[in-house]
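Listing of work09.csv; format and content: CSV, C-alpha atoms.
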```csv
chain,number,residue,atom,x,y,z
J,15,ASP,CA,0.0,0.0,0.0
J,16,GLY,CA,1.2,3.5,-0.8
J,17,GLY,CA,1.5,6.0,2.0
J,18,ILE,CA,3.7,8.1,4.2
J,19,THR,CA,5.7,6.6,7.1
J,20,GLN,CA,6.9,8.7,9.9
J,21,SER,CA,9.3,7.4,12.5
J,22,PRO,CA,9.7,7.2,15.4
J,23,LYS,CA,6.1,7.5,16.7
J,24,TYR,CA,7.4,8.9,20.0
J,25,LEU,CA,10.7,10.8,20.6
J,26,PHE,CA,12.3,12.2,23.7
J,27,ARG,CA,14.9,15.0,23.5
J,28,LYS,CA,17.2,16.3,26.1
J,29,GLU,CA,17.9,20.0,26.4
J,30,GLY,CA,20.6,21.1,23.9
J,31,GLN,CA,20.2,18.0,21.8
J,32,ASN,CA,19.5,17.8,18.0
J,33,VAL,CA,17.0,15.2,16.9
J,34,THR,CA,15.9,14.1,13.4
J,35,LEU,CA,12.4,13.0,12.5
J,36,SER,CA,12.1,10.6,9.5
J,37,CYS,CA,9.5,10.9,6.8
J,38,GLU,CA,9.4,8.5,3.8
J,39,GLN,CA,6.7,8.3,1.1
J,40,ASN,CA,6.1,5.7,-1.7
J,41,LEU,CA,3.4,7.7,-3.4
J,42,ASN,CA,5.7,9.2,-6.0
J,43,HIS,CA,4.6,12.6,-4.9
J,44,ASP,CA,6.8,15.6,-5.8
J,45,ALA,CA,5.9,17.9,-2.9
J,46,MET,CA,6.5,17.2,0.8
J,47,TYR,CA,5.7,19.2,3.9
J,48,TRP,CA,6.4,19.4,7.6
J,49,TYR,CA,3.7,20.8,9.9
J,50,ARG,CA,3.8,21.3,13.6
J,51,GLN,CA,0.6,20.7,15.7
J,52,ASP,CA,0.1,22.2,19.1
J,53,PRO,CA,-3.2,22.1,21.1
J,54,GLY,CA,-5.5,24.8,19.9
J,55,GLN,CA,-3.0,26.1,17.3
J,56,GLY,CA,-4.0,24.1,14.2
J,57,LEU,CA,-1.2,23.0,11.8
J,58,ARG,CA,1.6,25.4,11.2
J,59,LEU,CA,4.0,25.0,8.3
J,60,ILE,CA,7.7,24.5,9.1
J,61,TYR,CA,9.2,23.7,5.7
J,62,TYR,CA,8.1,22.4,2.3
J,63,SER,CA,9.8,21.0,-0.7
J,64,GLN,CA,8.5,21.0,-4.3
J,65,ILE,CA,11.3,19.0,-5.9
J,66,VAL,CA,14.5,17.2,-4.9
J,67,ASN,CA,17.3,19.4,-3.6
J,68,ASP,CA,15.0,22.4,-3.1
J,69,PHE,CA,13.0,23.5,-0.1
J,70,GLN,CA,11.4,26.7,1.3
J,71,LYS,CA,10.8,28.0,4.8
J,72,GLY,CA,7.3,28.0,6.2
J,73,ASP,CA,5.9,30.2,8.9
J,74,ILE,CA,7.8,28.8,11.8
J,75,ALA,CA,11.1,27.5,10.3
J,76,GLU,CA,13.4,29.0,13.1
J,77,GLY,CA,15.2,26.2,15.0
J,78,TYR,CA,14.5,23.6,12.3
J,79,SER,CA,16.3,22.3,9.3
J,80,VAL,CA,15.5,19.9,6.4
J,81,SER,CA,17.0,18.1,3.5
J,82,ARG,CA,15.6,16.7,0.3
J,83,GLU,CA,18.2,14.4,-1.3
J,84,LYS,CA,15.7,11.8,-2.5
J,85,LYS,CA,12.2,12.2,-3.8
J,86,GLU,CA,10.9,9.7,-1.2
J,87,SER,CA,12.5,11.2,1.8
J,88,PHE,CA,12.2,14.5,3.7
J,89,PRO,CA,13.8,14.4,7.2
J,90,LEU,CA,13.3,17.2,9.7
J,91,THR,CA,16.0,18.1,12.3
J,92,VAL,CA,14.9,19.9,15.4
J,93,THR,CA,17.9,21.7,16.6
J,94,SER,CA,18.9,23.0,20.0
J,95,ALA,CA,17.9,26.5,18.8
J,96,GLN,CA,14.3,25.5,18.9
J,97,LYS,CA,13.3,26.6,22.4
J,98,ASN,CA,9.9,24.9,22.6
J,99,PRO,CA,10.1,21.8,20.5
J,100,THR,CA,7.5,19.7,22.4
J,101,ALA,CA,4.7,19.1,19.8
J,102,PHE,CA,3.2,16.7,17.4
J,103,TYR,CA,5.0,16.8,14.0
J,104,LEU,CA,3.2,15.8,10.8
J,105,CYS,CA,4.7,15.1,7.5
J,106,ALA,CA,2.6,15.3,4.3
J,107,SER,CA,3.0,14.9,0.6
J,108,SER,CA,1.1,15.9,-2.5
J,109,ILE,CA,1.4,15.7,-6.3
J,110,PRO,CA,2.7,19.3,-6.8
J,111,VAL,CA,2.2,22.2,-4.5
J,112,TRP,CA,-0.8,23.2,-6.5
J,113,SER,CA,-2.5,19.9,-6.3
J,114,PHE,CA,-6.3,19.9,-6.0
J,115,TYR,CA,-6.2,16.3,-4.7
J,116,GLY,CA,-5.2,17.2,-1.2
J,117,TYR,CA,-2.4,16.2,1.0
J,118,THR,CA,-1.6,12.7,2.3
J,119,PHE,CA,-0.4,12.9,5.9
J,120,GLY,CA,1.7,10.5,7.9
J,121,SER,CA,0.7,9.3,11.4
J,122,GLY,CA,2.9,11.8,13.1
J,123,THR,CA,5.8,11.9,15.6
J,124,ARG,CA,5.2,13.2,19.1
J,125,LEU,CA,8.4,14.9,20.4
J,126,THR,CA,8.8,15.6,24.1
J,127,VAL,CA,11.6,17.5,25.8
J,128,VAL,CA,12.8,15.8,29.0
H,14,GLN,CA,-1.7,36.9,11.1
H,15,GLN,CA,-4.2,34.1,10.9
H,16,GLN,CA,-5.2,33.5,7.3
H,17,VAL,CA,-8.1,31.1,8.0
H,18,LYS,CA,-10.3,31.6,11.0
H,19,GLN,CA,-12.2,28.6,12.2
H,20,SER,CA,-15.1,28.4,14.7
H,21,PRO,CA,-16.2,27.0,17.1
H,22,GLN,CA,-13.2,25.7,18.9
H,23,SER,CA,-15.3,22.8,20.2
H,24,LEU,CA,-18.7,21.4,19.5
H,25,ILE,CA,-21.0,18.9,21.2
H,26,VAL,CA,-23.8,17.5,19.2
H,27,GLN,CA,-26.5,14.9,19.9
H,28,LYS,CA,-26.4,11.7,17.8
H,29,GLY,CA,-28.5,12.3,14.7
H,30,GLY,CA,-28.1,16.0,14.9
H,31,ILE,CA,-26.4,18.4,12.5
H,32,SER,CA,-22.8,19.5,13.2
H,33,ILE,CA,-21.8,22.9,11.6
H,34,ILE,CA,-18.3,24.3,11.5
H,35,ASN,CA,-17.4,27.6,10.0
H,36,CYS,CA,-14.4,29.1,8.4
H,37,ALA,CA,-13.6,32.6,7.1
H,38,TYR,CA,-10.6,33.8,5.0
H,39,GLU,CA,-9.2,37.1,3.8
H,40,ASN,CA,-7.0,36.2,0.9
H,41,THR,CA,-9.2,36.5,-2.3
H,42,ALA,CA,-6.6,34.6,-4.2
H,43,PHE,CA,-7.4,31.4,-2.4
H,44,ASP,CA,-9.2,29.0,-4.7
H,45,TYR,CA,-9.1,25.6,-3.0
H,46,PHE,CA,-10.9,24.9,0.3
H,47,PRO,CA,-10.5,21.4,1.8
H,48,TRP,CA,-11.7,20.0,5.1
H,49,TYR,CA,-9.6,17.4,7.0
H,50,GLN,CA,-10.7,15.0,9.8
H,51,GLN,CA,-8.2,13.9,12.4
H,52,PHE,CA,-8.6,11.2,15.1
H,53,PRO,CA,-6.4,11.2,18.2
H,54,GLY,CA,-2.9,10.1,17.6
H,55,LYS,CA,-3.3,10.1,13.8
H,56,GLY,CA,-2.6,12.3,10.9
H,57,PRO,CA,-5.4,14.4,9.3
H,58,ALA,CA,-7.2,12.8,6.3
H,59,LEU,CA,-8.9,14.7,3.5
H,60,LEU,CA,-12.7,14.6,4.0
H,61,ILE,CA,-14.1,16.8,1.3
H,62,ALA,CA,-13.0,19.8,-0.8
H,63,ILE,CA,-14.5,22.6,-2.9
H,64,ARG,CA,-13.4,25.2,-5.4
H,65,PRO,CA,-15.0,28.6,-5.6
H,66,ASP,CA,-16.8,27.9,-8.9
H,67,VAL,CA,-19.5,26.1,-7.0
H,68,SER,CA,-21.5,27.1,-3.9
H,69,GLU,CA,-22.1,23.6,-2.4
H,70,LYS,CA,-20.6,20.1,-2.6
H,71,LYS,CA,-22.1,17.1,-1.0
H,72,GLU,CA,-20.5,13.7,-0.3
H,73,GLY,CA,-22.7,11.4,1.7
H,74,ARG,CA,-23.5,13.0,5.1
H,75,PHE,CA,-20.8,15.7,4.6
H,76,THR,CA,-21.6,19.0,2.8
H,77,ILE,CA,-19.4,22.1,2.1
H,78,SER,CA,-21.2,25.4,1.7
H,79,PHE,CA,-19.2,28.2,0.1
H,80,ASN,CA,-20.0,31.9,0.1
H,81,LYS,CA,-17.5,33.7,-2.1
H,82,SER,CA,-18.8,37.2,-1.5
H,83,ALA,CA,-18.6,36.7,2.3
H,84,LYS,CA,-15.3,34.8,2.1
H,85,GLN,CA,-16.7,32.1,4.2
H,86,PHE,CA,-17.2,28.3,3.9
H,87,SER,CA,-18.6,25.8,6.2
H,88,LEU,CA,-18.8,22.0,6.8
H,89,HIS,CA,-22.2,20.4,7.7
H,90,ILE,CA,-22.3,16.9,9.0
H,91,MET,CA,-25.8,15.5,8.7
H,92,ASP,CA,-27.1,12.7,11.0
H,93,SER,CA,-24.0,13.0,13.2
H,94,GLN,CA,-22.7,9.8,14.6
H,95,PRO,CA,-20.4,9.0,17.6
H,96,GLY,CA,-17.8,7.8,15.0
H,97,ASP,CA,-17.7,11.3,13.7
H,98,SER,CA,-16.1,12.5,16.9
H,99,ALA,CA,-12.8,13.9,15.8
H,100,THR,CA,-11.0,17.2,15.2
H,101,TYR,CA,-11.9,18.9,12.0
H,102,PHE,CA,-9.6,21.4,10.2
H,103,CYS,CA,-10.5,23.7,7.3
H,104,ALA,CA,-7.8,24.9,5.0
H,105,ALA,CA,-7.2,27.0,1.9
H,106,ASN,CA,-4.5,27.9,-0.6
H,107,GLU,CA,-3.8,29.5,-3.9
H,108,ALA,CA,-3.7,26.4,-6.2
H,109,GLY,CA,-0.5,26.5,-8.2
H,110,ASN,CA,1.3,28.8,-5.8
H,111,THR,CA,1.3,28.1,-2.0
H,112,PRO,CA,1.0,25.3,0.5
H,113,LEU,CA,-2.2,24.9,2.5
H,114,VAL,CA,-2.9,27.1,5.5
H,115,PHE,CA,-5.0,25.6,8.2
H,116,GLY,CA,-7.6,26.8,10.7
H,117,LYS,CA,-7.0,26.1,14.3
H,118,GLY,CA,-9.4,23.1,14.4
H,119,THR,CA,-12.7,22.2,15.9
H,120,ARG,CA,-13.0,19.3,18.3
H,121,LEU,CA,-16.4,17.6,17.7
H,122,SER,CA,-18.0,15.3,20.2
H,123,VAL,CA,-21.1,13.4,19.2
H,124,ILE,CA,-23.0,12.1,22.2
H,125,ALA,CA,-25.6,9.4,22.3
```

Once more with this new file: its structure as structure tokens, please.
Amino acid sequence: DGGITQSPKYLFRKEGQNVTLSCEQNLNHDAMYWYRQDPGQGLRLIYYSQIVNDFQKGDIAEGYSVSREKKESFPLTVTSAQKNPTAFYLCASSIPVWSFYGYTFGSGTRLTVV
Amino acid sequence: QQQVKQSPQSLIVQKGGISIINCAYENTAFDYFPWYQQFPGKGPALLIAIRPDVSEKKEGRFTISFNKSAKQFSLHIMDSQPGDSATYFCAANEAGNTPLVFGKGTRLSVIA
């Protein structure tokens, strides 16, 4: 079955530590996205990528970094510069950015600072 | 600046009743308006979507009503069921240009 796989499902980060969240899709979608979800805040865009080796900052990119070396993969690194990283992180993909067919989301990674 | 404003934040509906969630937007360039449904611990899933060339779209018990002049759109869930209890997000974007922007979500509880 085609879909998006996010791993790990739960992740714990110590203060000052960088962590990387994995996102892999086998849908052959060109565009991929990272959103952050906090209670009562909806989904806020962190980064997105329309094609391999290209990505753009979203509304809340500070303290995060991404790479897009393969079409299937779009990992997100939460750096120590992100002061409040505890949240639910969602990866999504779509055909192009301008798709009318909606986004396919992964099941998310819940990151907690300990 | 919130580009898509969603209300109410939470909603309790009796089984068999109608659930109504509203969204408003400012950007007149938006031309794609989807609704997503999210269950706890899961990612959102596309429920239904509309483009501004129609005023209503129905899929089963779910209907989107769209008012272009008022820059508002709403989701109606007819004959609401306990299994509809979830968080619902409206979203919008300029197709061909920008990623989706989401409302803050509505937590729906359908009680028997």

How close does each residue of chain J get to chain H, giving the shortest atom pair and distance in Å to one decimal for every residue with an atom at most 10 Å away, counting only C-alpha atoms, sorted by chain and residue number, as CSV?
```
residue,atom,partner,partner_atom,distance
J:Lys23,CA,H:Gly54,CA,9.4
J:Ala45,CA,H:Pro112,CA,9.5
J:Met46,CA,H:Pro112,CA,9.8
J:Tyr47,CA,H:Pro112,CA,8.4
J:Gln51,CA,H:Lys117,CA,9.4
J:Asp52,CA,H:Lys117,CA,9.4
J:Pro53,CA,H:Lys117,CA,8.8
J:Gly54,CA,H:Lys117,CA,5.9
J:Gln55,CA,H:Lys117,CA,5.0
J:Gly56,CA,H:Lys117,CA,3.6
J:Leu57,CA,H:Phe115,CA,5.8
J:Arg58,CA,H:Phe115,CA,7.3
J:Leu59,CA,H:Val114,CA,7.7
J:Tyr61,CA,H:Pro112,CA,9.8
J:Tyr62,CA,H:Pro112,CA,7.9
J:Ser63,CA,H:Pro112,CA,9.9
J:Gln64,CA,H:Pro112,CA,9.9
J:Gly72,CA,H:Pro112,CA,8.9
J:Asp73,CA,H:Val114,CA,9.9
J:Phe102,CA,H:Gly54,CA,9.0
J:Tyr103,CA,H:Gly56,CA,9.4
J:Leu104,CA,H:Gly56,CA,6.8
J:Cys105,CA,H:Gly56,CA,8.5
J:Ala106,CA,H:Gly56,CA,8.9
J:Ser108,CA,H:Pro112,CA,9.9
J:Pro110,CA,H:Gly109,CA,8.0
J:Val111,CA,H:Pro112,CA,6.0
J:Trp112,CA,H:Gly109,CA,3.7
J:Ser113,CA,H:Ala108,CA,6.6
J:Phe114,CA,H:Ala108,CA,7.0
J:Tyr115,CA,H:Ala62,CA,8.6
J:Gly116,CA,H:Leu59,CA,6.5
J:Tyr117,CA,H:Leu59,CA,7.1
J:Thr118,CA,H:Ala58,CA,6.9
J:Phe119,CA,H:Gly56,CA,5.5
J:Gly120,CA,H:Gly56,CA,5.5
J:Ser121,CA,H:Gly56,CA,4.5
J:Gly122,CA,H:Gly56,CA,5.9
J:Thr123,CA,H:Gly54,CA,9.1
J:Arg124,CA,H:Gly54,CA,8.8
```

Requested write-out: C-alpha atoms of the selected residues, as a compact mmCIF listing (two decimals), in the frame of the given file:
```txt
# COMPACT_ATOMS: atom_id res chain seq x y z
CA LYS J 23 6.10 7.50 16.70
CA ALA J 45 5.90 17.90 -2.90
CA MET J 46 6.50 17.20 0.80
CA TYR J 47 5.70 19.20 3.90
CA GLN J 51 0.60 20.70 15.70
CA ASP J 52 0.10 22.20 19.10
CA PRO J 53 -3.20 22.10 21.10
CA GLY J 54 -5.50 24.80 19.90
CA GLN J 55 -3.00 26.10 17.30
CA GLY J 56 -4.00 24.10 14.20
CA LEU J 57 -1.20 23.00 11.80
CA ARG J 58 1.60 25.40 11.20
CA LEU J 59 4.00 25.00 8.30
CA TYR J 61 9.20 23.70 5.70
CA TYR J 62 8.10 22.40 2.30
CA SER J 63 9.80 21.00 -0.70
CA GLN J 64 8.50 21.00 -4.30
CA GLY J 72 7.30 28.00 6.20
CA ASP J 73 5.90 30.20 8.90
CA PHE J 102 3.20 16.70 17.40
CA TYR J 103 5.00 16.80 14.00
CA LEU J 104 3.20 15.80 10.80
CA CYS J 105 4.70 15.10 7.50
CA ALA J 106 2.60 15.30 4.30
CA SER J 108 1.10 15.90 -2.50
CA PRO J 110 2.70 19.30 -6.80
CA VAL J 111 2.20 22.20 -4.50
CA TRP J 112 -0.80 23.20 -6.50
CA SER J 113 -2.50 19.90 -6.30
CA PHE J 114 -6.30 19.90 -6.00
CA TYR J 115 -6.20 16.30 -4.70
CA GLY J 116 -5.20 17.20 -1.20
CA TYR J 117 -2.40 16.20 1.00
CA THR J 118 -1.60 12.70 2.30
CA PHE J 119 -0.40 12.90 5.90
CA GLY J 120 1.70 10.50 7.90
CA SER J 121 0.70 9.30 11.40
CA GLY J 122 2.90 11.80 13.10
CA THR J 123 5.80 11.90 15.60
CA ARG J 124 5.20 13.20 19.10
```

Place a sphere of radius 9 Å on (-24.9, 13.9, 18.5) in the file coordinates and name every protein, DNA or RNA residue with an atom inside or on its surface, counting all atoms listed in the file; give the answer as a list in words.
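Answer for this query, in the requested form: Ile25, Val26, Gln27, Lys28, Gly29, Gly30, Ile31, Ser32, Asp92, Ser93, Gln94, Pro95, Ser122, Val123, Ile124 and Ala125 of chain H.
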
Counting all atoms listed in the file, the option among J:Asn32, J:Asn67, J:Asn42, J:Thr19 closest to J:Val92:
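That would be J:Asn32, the residue with the smallest distance to J:Val92.
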
Neighbouring residues of stretch 70-87 of chain H were defined as those with any atom within 7 Å, considering only C-alpha atoms; residues of the same chain fewer than 6 positions away were excluded. Please report them as a ChimeraX atom specification.
/H:33-39,63

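Atom CA of J:Val80 to atom CA of H:Val17 spans 26.2 Å [interatomic distance, one decimal].
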
Between atom CA of J:Ser81 and atom CA of J:Glu29, what is the distance in Å, rounded to a tenth?
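Separation of atom CA of J:Ser81 and atom CA of J:Glu29: 23.0 Å.
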